[in-house]
>>> print(open('structure-v3.cif').read())   # mmCIF, C-alpha atoms and all ligand atoms
data_final
loop_
_atom_site.label_atom_id
_atom_site.label_comp_id
_atom_site.auth_asym_id
_atom_site.auth_seq_id
_atom_site.Cartn_x
_atom_site.Cartn_y
_atom_site.Cartn_z
CA MET E 1 9.65 29.88 -59.77
CA THR E 2 10.95 32.56 -57.43
CA ILE E 3 14.16 32.86 -55.50
CA LEU E 4 12.28 31.37 -52.54
CA ASP E 5 12.49 28.00 -54.32
CA ASP E 6 16.26 28.11 -53.77
CA LEU E 7 15.62 28.07 -50.02
CA ARG E 8 13.22 25.11 -49.93
CA GLY E 9 14.25 22.41 -47.47
CA GLY E 10 17.50 24.15 -46.59
CA LEU E 11 19.36 25.91 -43.80
CA VAL E 12 19.72 29.69 -43.93
CA ILE E 13 22.52 31.17 -41.86
CA SER E 14 22.04 34.58 -40.28
CA CYS E 15 25.38 36.44 -40.25
CA GLN E 16 24.95 39.35 -37.87
CA PRO E 17 27.00 40.89 -35.09
CA LEU E 18 25.14 41.07 -31.75
CA PRO E 19 22.75 44.05 -31.95
CA ASP E 20 23.24 45.15 -28.34
CA GLU E 21 27.06 44.96 -28.54
CA PRO E 22 28.51 47.98 -30.38
CA ASP E 23 31.99 46.58 -29.70
CA ASP E 24 31.33 43.09 -31.07
CA PRO E 25 34.62 42.44 -32.92
CA MET E 26 32.59 40.69 -35.64
CA ARG E 27 31.03 44.05 -36.57
CA ASP E 28 32.81 44.38 -39.90
CA PRO E 29 31.38 43.75 -43.39
CA TYR E 30 34.53 41.90 -44.50
CA VAL E 31 34.34 39.58 -41.50
CA GLN E 32 30.62 38.94 -42.00
CA ALA E 33 31.21 38.19 -45.67
CA ARG E 34 33.89 35.59 -44.76
CA VAL E 35 31.53 34.04 -42.20
CA ALA E 36 28.85 33.91 -44.89
CA ALA E 37 31.25 32.30 -47.35
CA ALA E 38 32.12 29.63 -44.76
CA ALA E 39 28.42 29.00 -44.11
CA VAL E 40 27.77 28.58 -47.83
CA ARG E 41 30.73 26.22 -48.11
CA GLY E 42 29.13 24.25 -45.27
CA GLY E 43 25.85 23.95 -47.15
CA ALA E 44 23.78 27.02 -46.27
CA VAL E 45 21.21 27.73 -48.99
CA ALA E 46 20.94 31.45 -48.22
CA ILE E 47 22.37 34.12 -45.92
CA ARG E 48 20.49 36.59 -43.75
CA ALA E 49 22.34 39.85 -43.05
CA ASN E 50 21.80 43.17 -41.32
CA GLY E 51 22.92 46.58 -42.56
CA LEU E 52 23.64 47.99 -46.00
CA ALA E 53 27.42 47.46 -45.90
CA ASP E 54 27.07 43.83 -44.76
CA ILE E 55 24.36 43.12 -47.35
CA ALA E 56 26.54 44.54 -50.14
CA ALA E 57 29.70 42.73 -48.97
CA ILE E 58 27.91 39.40 -48.59
CA ARG E 59 26.11 39.79 -51.91
CA ALA E 60 29.49 40.35 -53.59
CA THR E 61 30.99 37.28 -51.91
CA VAL E 62 28.45 34.44 -52.02
CA ASP E 63 26.33 33.06 -54.82
CA VAL E 64 23.24 32.18 -52.79
CA PRO E 65 20.24 34.43 -52.08
CA VAL E 66 20.74 37.18 -49.52
CA ILE E 67 17.92 38.06 -47.12
CA GLY E 68 18.67 41.64 -46.12
CA LEU E 69 17.36 43.80 -43.32
CA VAL E 70 18.29 47.05 -41.64
CA LYS E 71 18.04 47.15 -37.87
CA ALA E 72 17.29 50.61 -36.51
CA GLY E 73 16.48 51.43 -32.91
CA SER E 74 15.80 48.86 -30.23
CA ASP E 75 12.28 49.58 -28.96
CA GLY E 76 9.18 48.53 -30.82
CA VAL E 77 9.64 48.00 -34.55
CA PHE E 78 13.37 47.69 -35.26
CA ILE E 79 13.80 45.22 -38.13
CA THR E 80 13.64 47.30 -41.34
CA PRO E 81 11.22 49.66 -39.60
CA THR E 82 10.53 52.12 -42.43
CA ALA E 83 9.83 51.98 -46.15
CA THR E 84 13.08 53.87 -46.72
CA HIS E 85 15.07 51.18 -44.86
CA ALA E 86 13.35 48.49 -46.94
CA VAL E 87 14.12 50.24 -50.23
CA ASP E 88 17.73 50.79 -49.13
CA ALA E 89 18.13 47.08 -48.31
CA ALA E 90 16.77 46.12 -51.74
CA LEU E 91 19.06 48.60 -53.50
CA ALA E 92 22.06 47.33 -51.49
CA GLY E 93 21.52 43.95 -53.12
CA ALA E 94 19.11 41.96 -50.95
CA HIS E 95 17.20 39.39 -53.03
CA ILE E 96 14.66 39.20 -50.23
CA VAL E 97 14.02 42.08 -47.80
CA ALA E 98 13.02 41.07 -44.27
CA VAL E 99 10.60 43.58 -42.77
CA ASP E 100 8.91 43.74 -39.36
CA ALA E 101 5.24 42.94 -39.97
CA THR E 102 4.05 42.99 -36.37
CA ASP E 103 0.98 45.03 -35.60
CA ARG E 104 2.93 47.72 -33.71
CA PRO E 105 3.15 51.32 -34.98
CA ARG E 106 5.94 51.89 -37.47
CA PRO E 107 8.23 54.92 -37.00
CA ASP E 108 7.42 56.35 -40.44
CA GLY E 109 3.67 55.99 -39.89
CA ARG E 110 3.36 53.87 -43.03
CA SER E 111 1.72 50.47 -43.18
CA PHE E 112 3.45 47.17 -43.88
CA ALA E 113 1.49 47.05 -47.18
CA ASP E 114 2.94 50.45 -48.16
CA THR E 115 6.41 49.17 -47.36
CA VAL E 116 5.90 46.11 -49.58
CA GLN E 117 4.73 48.43 -52.36
CA ALA E 118 7.79 50.66 -51.97
CA VAL E 119 10.10 47.64 -52.39
CA ARG E 120 8.17 46.47 -55.46
CA GLU E 121 8.45 49.90 -57.07
CA CYS E 122 12.24 50.10 -56.74
CA SER E 123 13.40 46.51 -57.30
CA ARG E 124 12.59 42.89 -57.98
CA ALA E 125 13.31 41.94 -54.37
CA LEU E 126 10.79 39.81 -52.53
CA VAL E 127 9.51 40.70 -49.07
CA LEU E 128 9.75 38.41 -46.05
CA ALA E 129 7.40 39.35 -43.21
CA ASP E 130 8.94 38.91 -39.76
CA ILE E 131 6.00 38.28 -37.45
CA SER E 132 5.29 37.23 -33.87
CA THR E 133 1.68 35.96 -34.00
CA GLU E 134 -0.74 34.12 -36.26
CA GLN E 135 -2.85 37.25 -36.72
CA GLU E 136 0.16 39.27 -37.89
CA ALA E 137 1.11 36.52 -40.33
CA VAL E 138 -2.33 36.44 -41.92
CA ALA E 139 -2.38 40.24 -42.20
CA ALA E 140 1.11 40.27 -43.72
CA VAL E 141 0.12 37.82 -46.44
CA GLU E 142 -2.99 39.90 -47.19
CA ALA E 143 -0.73 42.94 -47.44
CA GLY E 144 1.42 41.22 -50.07
CA ALA E 145 4.26 39.46 -48.24
CA ASP E 146 5.95 36.78 -50.36
CA ALA E 147 6.86 34.68 -47.32
CA VAL E 148 6.55 34.79 -43.55
CA ALA E 149 9.11 34.08 -40.81
CA THR E 150 8.54 33.43 -37.10
CA THR E 151 11.50 35.71 -36.30
CA LEU E 152 9.77 37.99 -33.81
CA SER E 153 7.93 35.42 -31.69
CA GLY E 154 9.32 35.86 -28.21
CA TYR E 155 10.25 39.49 -28.79
CA THR E 156 6.83 41.18 -28.64
CA PRO E 157 4.33 41.52 -25.80
CA ASP E 158 1.83 39.29 -27.66
CA SER E 159 4.12 36.29 -28.14
CA PRO E 160 5.49 33.69 -25.68
CA ALA E 161 9.04 34.34 -24.41
CA THR E 162 10.32 30.78 -24.62
CA ASP E 163 13.98 29.67 -24.42
CA GLY E 164 13.65 27.59 -27.57
CA PRO E 165 11.99 28.24 -30.93
CA ASP E 166 8.23 28.74 -31.29
CA LEU E 167 7.46 25.48 -33.07
CA ASP E 168 3.79 25.74 -32.15
CA LEU E 169 3.34 29.01 -34.08
CA LEU E 170 5.31 27.55 -36.98
CA ALA E 171 3.03 24.48 -37.18
CA ARG E 172 -0.11 26.63 -37.12
CA LEU E 173 1.20 28.93 -39.84
CA THR E 174 2.26 26.17 -42.21
CA LYS E 175 -1.30 24.80 -42.10
CA LEU E 176 -2.93 28.18 -42.50
CA LEU E 177 -0.90 30.13 -45.04
CA SER E 178 -0.49 29.89 -48.79
CA VAL E 179 3.06 31.33 -48.78
CA PRO E 180 6.30 29.70 -47.57
CA VAL E 181 6.79 29.83 -43.80
CA ILE E 182 10.37 30.16 -42.59
CA ALA E 183 11.35 29.00 -39.11
CA GLU E 184 13.51 31.55 -37.32
CA GLY E 185 14.25 32.51 -33.75
CA ARG E 186 16.36 30.58 -31.21
CA TYR E 187 17.06 27.47 -33.33
CA ARG E 188 20.16 25.88 -31.78
CA ASP E 189 20.55 22.23 -32.82
CA THR E 190 19.80 19.50 -35.34
CA GLU E 191 16.84 18.19 -33.37
CA GLN E 192 15.08 21.55 -33.57
CA ILE E 193 15.86 21.77 -37.29
CA GLY E 194 14.23 18.37 -37.79
CA GLU E 195 11.19 19.45 -35.77
CA ALA E 196 10.82 22.61 -37.86
CA PHE E 197 10.80 20.69 -41.14
CA ALA E 198 8.40 18.12 -39.65
CA ALA E 199 6.12 21.08 -38.83
CA GLY E 200 6.20 22.15 -42.48
CA ALA E 201 8.91 24.82 -42.51
CA HIS E 202 10.06 25.94 -45.95
CA ALA E 203 13.55 26.67 -44.54
CA VAL E 204 15.17 27.14 -41.14
CA VAL E 205 17.27 30.15 -40.16
CA MET E 206 20.02 29.80 -37.56
CA GLY E 207 21.99 32.76 -36.28
CA ASN E 208 23.98 33.13 -33.10
CA ALA E 209 24.53 29.41 -32.52
CA VAL E 210 26.53 29.37 -35.76
CA THR E 211 27.88 32.86 -36.38
CA SER E 212 28.55 34.61 -33.08
CA PRO E 213 31.69 33.57 -31.18
CA LEU E 214 30.79 36.18 -28.57
CA TRP E 215 27.32 34.70 -27.99
CA ILE E 216 28.56 31.09 -28.06
CA THR E 217 31.46 31.71 -25.67
CA ARG E 218 29.23 33.55 -23.22
CA ARG E 219 26.93 30.50 -23.11
CA LEU E 220 29.81 28.10 -22.47
CA VAL E 221 31.95 30.01 -19.97
CA PRO E 222 29.49 29.74 -17.03
CA ALA E 223 30.18 25.97 -17.01
CA THR E 224 33.86 26.53 -16.13
CA PRO E 225 35.34 26.62 -12.58
CA ARG E 226 36.89 29.99 -13.38
CA ALA E 227 33.40 31.45 -13.86
CA THR E 228 31.76 29.77 -10.90
CA GLY E 229 34.66 29.82 -8.42
C1 LIG E 301 14.68 39.27 -32.79
C2 LIG E 301 15.77 39.71 -33.72
O1 LIG E 301 16.25 40.80 -33.62
N1 LIG E 301 16.17 38.82 -34.65
C3 LIG E 301 17.18 39.14 -35.60
C4 LIG E 301 16.72 38.95 -36.93
O2 LIG E 301 17.30 39.26 -37.91
C5 LIG E 301 18.50 38.51 -35.36
O3 LIG E 301 19.15 39.24 -34.34
C6 LIG E 301 18.38 37.05 -34.95
O4 LIG E 301 19.06 36.89 -33.80
C7 LIG E 301 18.85 36.08 -36.02
O5 LIG E 301 18.35 36.33 -37.25
C8 LIG E 301 18.52 34.65 -35.69
O6 LIG E 301 19.32 34.34 -34.68
P1 LIG E 301 19.03 33.21 -33.64
O7 LIG E 301 19.02 31.91 -34.44
O8 LIG E 301 20.17 33.28 -32.68
O9 LIG E 301 17.71 33.48 -33.00
#
>>> encode(input="structure-v3.cif", output="C-alpha cells")
Amino acid sequence: MTILDDLRGGLVISCQPLPDEPDDPMRDPYVQARVAAAAVRGGAVAIRANGLADIAAIRATVDVPVIGLVKAGSDGVFITPTATHAVDAALAGAHIVAVDATDRPRPDGRSFADTVQAVRECSRALVLADISTEQEAVAAVEAGADAVATTLSGYTPDSPATDGPDLDLLARLTKLLSVPVIAEGRYRDTEQIGEAFAAGAHAVVMGNAVTSPLWITRRLVPATPRATG
C-alpha cells in the first residue's frame, strides 16, 4: 500500500492561481487552502498545489494527500525543474512531488533519475512524473517514478496541442505501464472524467475549471452582449 492507493478511482483538484497572472487575486496560501478544503468537502481525494507556501498551508488544512510542485520559469522545464525544487516541495509537506519528466534539458543539468533520488534521500515522498509523450513516460518509470501524469501533453513541441485532454496518450499509457497513470490537463466536465476512467486512469486531476474564478469568468464573458457589442 502506498499513498497512491488513496487516489484510486477519485478526483484530484488542482488548487493553483494562474501562472501567467501575477495579480491573480487567488494568489494567497490562505485562499488556496480554503479552496482546497472546499474541494475536499466536495469529495476530492487529493489536492495538487504549486509553491512551498501553498503546499504547507494546504497540508495543514486538509487531511487528504497533497501533490506538491514548484513552478519556476516559463520556458522549457518549469514544473519542479531542479532537484532542489523537488526536495523543497517534499520538505514543505508534499506527500507526492510532481516533477517535469519530459526529455528537455533541466536547468540544473541533472537527470530526472537524479531528481527522484534526491527526493528519496530527504523524505518518504513519492514522485509523480509529469510527461507529454509515451517515450517520456516509459523513461520516467525506468528512472524510478512512482506514477505518471499526462500533465504536459499539449505544452511541449512533441505533443498535440488539443483543446481537450489527451485521452489517446492516457489510453496508451495505461496499457503500457506498470505504475498508476493519472489523467491531467484540460479536463473540464463529467463526460471527460468518465472517458478517462474508461481509458484506465488511476485518478483524474481537474484544475482551472474548478478552482480559478478568473479563468472560468474569462471563458464565460465572451458569450455576453457587453463583450461582443
Ligand atoms: C501545463 C501546466 O503548467 N500544468 C499545471 C500543472 O500543475 C497547472 O497549471 C495545470 O493547469 C493544472 O494542474 C491542471 O489544470 P487544468 O485542469 O486546467 O488543465
>>> axis_aligned_box(input="structure-v3.cif", around="ligand LIG 301 (chain E)", padding_each_side="5 Å", output="AutoDock Vina command-line options")
--center_x 17.4 --center_y 36.4 --center_z -35.3 --size_x 15.5 --size_y 18.9 --size_z 15.2
>>> residues_around(input="structure-v3.cif", residues="Thr102 in chain E", least_positions_apart="6", cutoff="7 Å", atoms="all atoms listed in the file", output="PyMOL selection string")
chain E and resi 131-132+136
>>> residues_near_ligand(input="structure-v3.cif", ligand="ligand LIG 301 (chain E)", cutoff="8 Å", atoms="all atoms listed in the file", output="count of residues only")
28
>>> atom_distance(input="structure-v3.cif", atom1="CA of Tyr30 in chain E", atom2="CA of Val45 in chain E")
20.0 Å
>>> residues_around(input="structure-v3.cif", residues="Ile67 in chain E", least_positions_apart="4", cutoff="12 Å", atoms="all atoms listed in the file", output="PDB file with C-alpha atoms, in the coordinates of the input")
ATOM      1  CA  ILE E   3      14.160  32.860 -55.500  1.00  0.00           C
ATOM      2  CA  LEU E   4      12.280  31.370 -52.540  1.00  0.00           C
ATOM      3  CA  LEU E   7      15.620  28.070 -50.020  1.00  0.00           C
ATOM      4  CA  VAL E  12      19.720  29.690 -43.930  1.00  0.00           C
ATOM      5  CA  ILE E  13      22.520  31.170 -41.860  1.00  0.00           C
ATOM      6  CA  SER E  14      22.040  34.580 -40.280  1.00  0.00           C
ATOM      7  CA  CYS E  15      25.380  36.440 -40.250  1.00  0.00           C
ATOM      8  CA  GLN E  16      24.950  39.350 -37.870  1.00  0.00           C
ATOM      9  CA  ALA E  36      28.850  33.910 -44.890  1.00  0.00           C
ATOM     10  CA  VAL E  45      21.210  27.730 -48.990  1.00  0.00           C
ATOM     11  CA  ALA E  46      20.940  31.450 -48.220  1.00  0.00           C
ATOM     12  CA  ILE E  47      22.370  34.120 -45.920  1.00  0.00           C
ATOM     13  CA  ARG E  48      20.490  36.590 -43.750  1.00  0.00           C
ATOM     14  CA  ALA E  49      22.340  39.850 -43.050  1.00  0.00           C
ATOM     15  CA  ASN E  50      21.800  43.170 -41.320  1.00  0.00           C
ATOM     16  CA  GLY E  51      22.920  46.580 -42.560  1.00  0.00           C
ATOM     17  CA  LEU E  52      23.640  47.990 -46.000  1.00  0.00           C
ATOM     18  CA  ASP E  54      27.070  43.830 -44.760  1.00  0.00           C
ATOM     19  CA  ILE E  55      24.360  43.120 -47.350  1.00  0.00           C
ATOM     20  CA  ALA E  56      26.540  44.540 -50.140  1.00  0.00           C
ATOM     21  CA  ILE E  58      27.910  39.400 -48.590  1.00  0.00           C
ATOM     22  CA  ARG E  59      26.110  39.790 -51.910  1.00  0.00           C
ATOM     23  CA  THR E  80      13.640  47.300 -41.340  1.00  0.00           C
ATOM     24  CA  ALA E  86      13.350  48.490 -46.940  1.00  0.00           C
ATOM     25  CA  ALA E  89      18.130  47.080 -48.310  1.00  0.00           C
ATOM     26  CA  ALA E  90      16.770  46.120 -51.740  1.00  0.00           C
ATOM     27  CA  ALA E  92      22.060  47.330 -51.490  1.00  0.00           C
ATOM     28  CA  GLY E  93      21.520  43.950 -53.120  1.00  0.00           C
ATOM     29  CA  ALA E  94      19.110  41.960 -50.950  1.00  0.00           C
ATOM     30  CA  HIS E  95      17.200  39.390 -53.030  1.00  0.00           C
ATOM     31  CA  ILE E  96      14.660  39.200 -50.230  1.00  0.00           C
ATOM     32  CA  VAL E  97      14.020  42.080 -47.800  1.00  0.00           C
ATOM     33  CA  ALA E  98      13.020  41.070 -44.270  1.00  0.00           C
ATOM     34  CA  VAL E  99      10.600  43.580 -42.770  1.00  0.00           C
ATOM     35  CA  ALA E 125      13.310  41.940 -54.370  1.00  0.00           C
ATOM     36  CA  LEU E 126      10.790  39.810 -52.530  1.00  0.00           C
ATOM     37  CA  VAL E 127       9.510  40.700 -49.070  1.00  0.00           C
ATOM     38  CA  LEU E 128       9.750  38.410 -46.050  1.00  0.00           C
ATOM     39  CA  ALA E 129       7.400  39.350 -43.210  1.00  0.00           C
ATOM     40  CA  ASP E 130       8.940  38.910 -39.760  1.00  0.00           C
ATOM     41  CA  ALA E 147       6.860  34.680 -47.320  1.00  0.00           C
ATOM     42  CA  ALA E 149       9.110  34.080 -40.810  1.00  0.00           C
ATOM     43  CA  ILE E 182      10.370  30.160 -42.590  1.00  0.00           C
ATOM     44  CA  VAL E 205      17.270  30.150 -40.160  1.00  0.00           C
TER      45      VAL E 205
END
>>> atom_distance(input="structure-v3.cif", atom1="CA of Ala38 in chain E", atom2="CA of Ser74 in chain E")
29.1 Å
>>> atom_distance(input="structure-v3.cif", atom1="CA of Val119 in chain E", atom2="CA of Asp63 in chain E")
22.0 Å
>>> closest_residue(input="structure-v3.cif", among="E:Asp108, E:Asp114, E:Asp158, E:Glu121", to="Ala143 in chain E", atoms="all atoms listed in the file")
E:Asp114
>>> closest_residue(input="structure-v3.cif", among="E:His202, E:Thr2, E:Ser212, E:Asp100", to="Arg124 in chain E", atoms="all atoms listed in the file")
E:Thr2
>>> closest_residue(input="structure-v3.cif", among="E:Leu177, E:Ala203, E:Arg219, E:Pro22", to="Glu142 in chain E", atoms="only C-alpha atoms")
E:Leu177
>>> build_atoms(input="structure-v3.cif", residues="range 158-183 of chain E", atoms="N, CA and C atoms", output="PDB file, in the frame of the given file")
ATOM      1  N   ASP E 158       2.898  40.246 -27.333  1.00  0.00           N
ATOM      2  CA  ASP E 158       1.830  39.290 -27.660  1.00  0.00           C
ATOM      3  C   ASP E 158       2.319  37.880 -27.967  1.00  0.00           C
ATOM      4  N   SER E 159       3.618  37.626 -27.790  1.00  0.00           N
ATOM      5  CA  SER E 159       4.120  36.290 -28.140  1.00  0.00           C
ATOM      6  C   SER E 159       4.856  35.692 -26.943  1.00  0.00           C
ATOM      7  N   PRO E 160       4.890  34.339 -26.861  1.00  0.00           N
ATOM      8  CA  PRO E 160       5.490  33.690 -25.680  1.00  0.00           C
ATOM      9  C   PRO E 160       7.014  33.806 -25.668  1.00  0.00           C
ATOM     10  N   ALA E 161       7.583  34.201 -24.524  1.00  0.00           N
ATOM     11  CA  ALA E 161       9.040  34.340 -24.410  1.00  0.00           C
ATOM     12  C   ALA E 161       9.648  33.013 -23.986  1.00  0.00           C
ATOM     13  N   THR E 162       9.783  32.099 -24.936  1.00  0.00           N
ATOM     14  CA  THR E 162      10.320  30.780 -24.620  1.00  0.00           C
ATOM     15  C   THR E 162      11.835  30.757 -24.853  1.00  0.00           C
ATOM     16  N   ASP E 163      12.527  29.803 -24.207  1.00  0.00           N
ATOM     17  CA  ASP E 163      13.980  29.670 -24.420  1.00  0.00           C
ATOM     18  C   ASP E 163      14.258  29.160 -25.833  1.00  0.00           C
ATOM     19  N   GLY E 164      13.437  28.211 -26.259  1.00  0.00           N
ATOM     20  CA  GLY E 164      13.650  27.590 -27.570  1.00  0.00           C
ATOM     21  C   GLY E 164      12.775  28.235 -28.631  1.00  0.00           C
ATOM     22  N   PRO E 165      12.774  27.669 -29.827  1.00  0.00           N
ATOM     23  CA  PRO E 165      11.990  28.240 -30.930  1.00  0.00           C
ATOM     24  C   PRO E 165      10.482  28.036 -30.733  1.00  0.00           C
ATOM     25  N   ASP E 166       9.691  28.860 -31.395  1.00  0.00           N
ATOM     26  CA  ASP E 166       8.230  28.740 -31.290  1.00  0.00           C
ATOM     27  C   ASP E 166       7.725  27.789 -32.383  1.00  0.00           C
ATOM     28  N   LEU E 167       7.873  26.500 -32.101  1.00  0.00           N
ATOM     29  CA  LEU E 167       7.460  25.480 -33.070  1.00  0.00           C
ATOM     30  C   LEU E 167       5.937  25.406 -33.198  1.00  0.00           C
ATOM     31  N   ASP E 168       5.257  25.787 -32.131  1.00  0.00           N
ATOM     32  CA  ASP E 168       3.790  25.740 -32.150  1.00  0.00           C
ATOM     33  C   ASP E 168       3.243  26.761 -33.167  1.00  0.00           C
ATOM     34  N   LEU E 169       3.770  27.985 -33.111  1.00  0.00           N
ATOM     35  CA  LEU E 169       3.340  29.010 -34.080  1.00  0.00           C
ATOM     36  C   LEU E 169       3.686  28.555 -35.502  1.00  0.00           C
ATOM     37  N   LEU E 170       4.874  28.023 -35.660  1.00  0.00           N
ATOM     38  CA  LEU E 170       5.310  27.550 -36.980  1.00  0.00           C
ATOM     39  C   LEU E 170       4.315  26.529 -37.536  1.00  0.00           C
ATOM     40  N   ALA E 171       3.938  25.543 -36.722  1.00  0.00           N
ATOM     41  CA  ALA E 171       3.030  24.480 -37.180  1.00  0.00           C
ATOM     42  C   ALA E 171       1.672  25.054 -37.560  1.00  0.00           C
ATOM     43  N   ARG E 172       1.195  26.019 -36.786  1.00  0.00           N
ATOM     44  CA  ARG E 172      -0.110  26.630 -37.120  1.00  0.00           C
ATOM     45  C   ARG E 172      -0.021  27.389 -38.436  1.00  0.00           C
ATOM     46  N   LEU E 173       1.072  28.107 -38.628  1.00  0.00           N
ATOM     47  CA  LEU E 173       1.200  28.930 -39.840  1.00  0.00           C
ATOM     48  C   LEU E 173       1.338  28.085 -41.098  1.00  0.00           C
ATOM     49  N   THR E 174       2.064  26.984 -40.997  1.00  0.00           N
ATOM     50  CA  THR E 174       2.260  26.170 -42.210  1.00  0.00           C
ATOM     51  C   THR E 174       0.944  25.543 -42.669  1.00  0.00           C
ATOM     52  N   LYS E 175       0.019  25.343 -41.725  1.00  0.00           N
ATOM     53  CA  LYS E 175      -1.300  24.800 -42.100  1.00  0.00           C
ATOM     54  C   LYS E 175      -2.187  25.876 -42.702  1.00  0.00           C
ATOM     55  N   LEU E 176      -1.991  27.097 -42.210  1.00  0.00           N
ATOM     56  CA  LEU E 176      -2.930  28.180 -42.500  1.00  0.00           C
ATOM     57  C   LEU E 176      -2.580  28.979 -43.751  1.00  0.00           C
ATOM     58  N   LEU E 177      -1.304  29.146 -44.030  1.00  0.00           N
ATOM     59  CA  LEU E 177      -0.900  30.130 -45.040  1.00  0.00           C
ATOM     60  C   LEU E 177      -0.609  29.508 -46.395  1.00  0.00           C
ATOM     61  N   SER E 178      -0.741  30.359 -47.417  1.00  0.00           N
ATOM     62  CA  SER E 178      -0.490  29.890 -48.790  1.00  0.00           C
ATOM     63  C   SER E 178       0.921  30.255 -49.249  1.00  0.00           C
ATOM     64  N   VAL E 179       1.686  30.940 -48.407  1.00  0.00           N
ATOM     65  CA  VAL E 179       3.060  31.330 -48.780  1.00  0.00           C
ATOM     66  C   VAL E 179       4.044  30.512 -47.941  1.00  0.00           C
ATOM     67  N   PRO E 180       5.309  30.430 -48.375  1.00  0.00           N
ATOM     68  CA  PRO E 180       6.300  29.700 -47.570  1.00  0.00           C
ATOM     69  C   PRO E 180       6.441  30.293 -46.170  1.00  0.00           C
ATOM     70  N   VAL E 181       6.584  29.403 -45.189  1.00  0.00           N
ATOM     71  CA  VAL E 181       6.790  29.830 -43.800  1.00  0.00           C
ATOM     72  C   VAL E 181       8.207  29.413 -43.388  1.00  0.00           C
ATOM     73  N   ILE E 182       8.970  30.391 -42.964  1.00  0.00           N
ATOM     74  CA  ILE E 182      10.370  30.160 -42.590  1.00  0.00           C
ATOM     75  C   ILE E 182      10.485  30.153 -41.071  1.00  0.00           C
ATOM     76  N   ALA E 183      11.170  29.137 -40.560  1.00  0.00           N
ATOM     77  CA  ALA E 183      11.350  29.000 -39.110  1.00  0.00           C
ATOM     78  C   ALA E 183      12.575  29.813 -38.709  1.00  0.00           C
TER      79      ALA E 183
END
